[in-house]
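Asker: Structure in structure tokens, see below.
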Amino acid sequence: MSISDGLDANVRDTLGSVFLRGFVWLVMLFVVAPLVVISLMAFTSGEFLTFPPDGLSLRWFEVLFTSSSWINAIGTSVMVGIPSALLATSIGGSAAYALDRHDYKLGKALAAVATLPIMLPPVIIGVMFLAFFIGIGFSGTVWNLIIAHAIFLTPFPFVLVSQGLVEVDRSYEEAARNLGASQLTTVRTVTLPLVKDNVVAGFLFAFILSLNEYIIAWLLSGFVIQTVPINIFTSLRYNYSPIIAVVSFLFIVVTFVALAIADYLAGGLWE
């Protein structure tokens with residue numbers, strides 16, 4: 001191979017690397033730009049959602065925290081998000097432990113079932129639960145949203161807890177059993193502390209996604225229950241108040257913080 005061929009190869013590698021890096025930055029800009037725009041609009045002093053903002057002000061933050069409808073919507077979202085995340089984490093974590101520690105003939109099929117809800121469109125999940133709850137005469141309550149969100153979000157704790165269990169040294173569990181501890185005691189005192197970070201990360205994922213979920217909540221709310229996403233879409237039908245940007249900005253901040261904590265606890269979700 002001649003020197004010129006080597007130089008050409010180096011040039012191609014350099015150009016390829018520059019192109020790839022530029023493409024990645026372009027994609028990141030495409031993703032982040034709308035978040036920056038809606039965040040800046042939250043601080044507008046104007047009466048409508050406009051960009052660039054008509055001056056800077058915190059007036060719409062004050063409007064949000066003095067509005068009973070928005071405060072109630074935030075409270076409802078949290079009231080749905082925490083129990084549904086706890087339930088999803090309990091179901092997903094238990095399924096992950098059972099499939100990891102016991103040899104089932106249809107283990108792979110059961111794992112696929114555990115991750116199935118997130119593979120289906122939310123509208124299918126919503127219609128399915130709507131028909132089910134109406135069929136049993138139990139609909140239009142907050143519990144409908146909690147149950148539906150829990151089932152829909154179970155795959156996230158399932159995957160994260162499964163990841164943590166794979167990294168656990170089973171000799172610790174075997175030592176506890178040899179010393180006379182029951183399986184339940186071993187899980188509570190040995191296994192759970194070793195995977196607690198993954199459990200917390202799974203809970204945070206489920207909680208954040210429950211806060212942001214709209215389609216299932218809308219189908220099951222019965223036009224009575226108002227979560228924050230439902231309130232946002234309802235408000236957009238009548239006006240473009242900057243209060244929507246304020247709510248969006250707060251949700252963006254909460255989401256980034258929760259994902260950062262989940263990423264740290266799980267040892268790098270994106271690696």
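Going through the structure tokens in order, the chains are called A, B, and so on, while each chain numbers its residues from 1 and the ligands are numbered from 1 in the order shown.
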I'd like to know which residues of region 75-262 of chain A are helix (DSSP H, G or I) (by DSSP, run on the backbone); could you write them as a ChimeraX atom specification?
Answerer: /A:75-101,107-119,122-135,142-153,155-166,170-178,183-212,215-220,228-236,243-262
Asker: Can you pull out the residues contacting Pro157 (chain A)? Cut-off 6 Å, using only C-alpha atoms, and skip same-chain residues under 3 positions away; I want them as a JSON list (two decimals) with C-alpha atoms, in the first residue's frame.
Answerer:
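Written file, part24.json:
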[["chain", "number", "residue", "atom", "x", "y", "z"],
["A", 89, "THR", "CA", -42.44, -1.85, 40.47],
["A", 92, "GLY", "CA", -42.26, -5.99, 37.49],
["A", 154, "THR", "CA", -44.59, -2.68, 34.39],
["A", 160, "LEU", "CA", -34.24, -2.64, 35.24],
["A", 161, "VAL", "CA", -34.64, -5.14, 38.09],
["A", 202, "GLY", "CA", -37.63, 1.41, 37.89]]
Asker: Would you pick out the contacts of region 225-239 of chain A at 6 Å or less, using only C-alpha atoms, so that residues sharing its chain but fewer than 2 positions from it are not included, and give the list as a PyMOL selection string?
Answerer: chain A and resi 73-74+76-77+214+221+241
Asker: Could you name the residues that touch Phe48 (chain A) at 10 Å or less, counting only C-alpha atoms, but leaving out those on the same chain fewer than 4 positions away, as a list of chain:residue names?
Answerer: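 Neighbouring residues, sequence-local ones excluded: A:Met41, A:Thr44, A:Pro53, A:Asp54, A:Asn239, A:Tyr240, A:Ser241, A:Pro242, A:Ile243, A:Ile244, A:Ala245.
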Asker: Can you write just those residues out, N, CA and C atoms, as an mmCIF file, in the first residue's frame?
Answerer:
data_model
loop_
_atom_site.group_PDB
_atom_site.id
_atom_site.type_symbol
_atom_site.label_atom_id
_atom_site.label_comp_id
_atom_site.auth_asym_id
_atom_site.auth_seq_id
_atom_site.Cartn_x
_atom_site.Cartn_y
_atom_site.Cartn_z
ATOM 1 N N MET A 41 -40.664 30.237 26.664
ATOM 2 C CA MET A 41 -42.009 30.806 26.613
ATOM 3 C C MET A 41 -42.691 30.802 27.980
ATOM 4 N N THR A 44 -42.527 34.305 29.633
ATOM 5 C CA THR A 44 -43.015 35.460 28.898
ATOM 6 C C THR A 44 -43.890 36.357 29.777
ATOM 7 N N PRO A 53 -40.258 35.378 23.516
ATOM 8 C CA PRO A 53 -41.201 35.885 24.526
ATOM 9 C C PRO A 53 -41.330 37.402 24.484
ATOM 10 N N ASP A 54 -42.512 37.884 24.848
ATOM 11 C CA ASP A 54 -42.753 39.329 24.953
ATOM 12 C C ASP A 54 -42.287 39.830 26.314
ATOM 13 N N ASN A 239 -57.510 28.121 24.320
ATOM 14 C CA ASN A 239 -56.570 29.236 24.257
ATOM 15 C C ASN A 239 -55.145 28.704 24.283
ATOM 16 N N TYR A 240 -54.198 29.603 24.061
ATOM 17 C CA TYR A 240 -52.779 29.272 24.094
ATOM 18 C C TYR A 240 -52.113 30.059 25.204
ATOM 19 N N SER A 241 -52.603 29.838 26.416
ATOM 20 C CA SER A 241 -52.088 30.554 27.574
ATOM 21 C C SER A 241 -50.658 30.111 27.897
ATOM 22 N N PRO A 242 -49.779 31.040 28.278
ATOM 23 C CA PRO A 242 -48.409 30.684 28.681
ATOM 24 C C PRO A 242 -48.354 29.761 29.892
ATOM 25 N N ILE A 243 -49.460 29.603 30.589
ATOM 26 C CA ILE A 243 -49.465 28.697 31.738
ATOM 27 C C ILE A 243 -49.168 27.274 31.286
ATOM 28 N N ILE A 244 -49.517 26.960 30.036
ATOM 29 C CA ILE A 244 -49.206 25.643 29.476
ATOM 30 C C ILE A 244 -47.698 25.466 29.356
ATOM 31 N N ALA A 245 -47.018 26.529 28.959
ATOM 32 C CA ALA A 245 -45.558 26.483 28.865
ATOM 33 C C ALA A 245 -44.926 26.319 30.241
#
Asker: Determine, counting only C-alpha atoms, which protein, DNA and RNA residues have an atom within 9 Å of an atom of region 113-119 of chain A; residues of the same chain fewer than 2 positions away are not included. Present the result as a ChimeraX atom specification.
Answerer: /A:92,95-96,108-111,121-122,125,151-156,158-159
Asker: Given the selection you just returned, output its residues as a file containing C-alpha atoms, formatted as a short mmCIF file (atom, residue, chain, number, x, y, z; two decimals), in the first residue's frame.
Answerer:
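File part_36.cif, as written:
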data_model
loop_
_atom_site.label_atom_id
_atom_site.label_comp_id
_atom_site.auth_asym_id
_atom_site.auth_seq_id
_atom_site.Cartn_x
_atom_site.Cartn_y
_atom_site.Cartn_z
CA GLY A 92 -42.26 -5.99 37.49
CA ALA A 95 -41.72 -11.11 37.79
CA ALA A 96 -38.05 -10.32 37.20
CA LYS A 108 -38.58 -16.53 27.42
CA ALA A 109 -42.26 -16.43 26.52
CA LEU A 110 -43.15 -15.20 30.02
CA ALA A 111 -40.46 -12.51 29.78
CA PRO A 121 -49.91 1.41 21.37
CA PRO A 122 -51.31 3.22 24.44
CA ILE A 125 -54.19 -0.51 26.18
CA ILE A 151 -49.86 -2.61 33.99
CA PHE A 152 -48.78 -0.40 31.10
CA LEU A 153 -45.56 0.68 32.85
CA THR A 154 -44.59 -2.68 34.39
CA PRO A 155 -41.98 -3.45 31.68
CA PHE A 156 -39.67 -0.66 32.85
CA PHE A 158 -39.10 -5.46 35.04
CA VAL A 159 -36.18 -4.72 32.71
#
Asker: When you look at Ser139 (chain A) with a cut-off of 10 Å (counting only C-alpha atoms), what residues show up, excluding the ones that are within fewer than 3 positions of it in the same chain? I need them as a ChimeraX atom specification.
Answerer: /A:129-136,142-145,220-222
Asker: Any idea what the distance is between CA of Ala85 (chain A) and CA of Ala206 (chain A)?
Answerer: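 CA of Ala206 (chain A) lies 4.9 Å from CA of Ala85 (chain A).
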Asker: Go through A:Asp100, A:Glu167, A:Glu47, A:Glu62 one by one, measure the shortest atom-to-atom distance of each to Asn198 (chain A) using only C-alpha atoms, and give the residue with the smallest value.
Answerer: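 Once distances to Asn198 (chain A) are computed over only C-alpha atoms, the minimum belongs to A:Glu167.
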Asker: Can you list, as an MDAnalysis selection string, every protein, DNA or RNA residue that comes within 12 Å of region 252-267 of chain A when you count only C-alpha atoms, leaving out same-chain residues fewer than 2 positions away?
Answerer: chainID A and resid 32 34:39 42 156:157 159:165 167 194:212 245:250 269:271
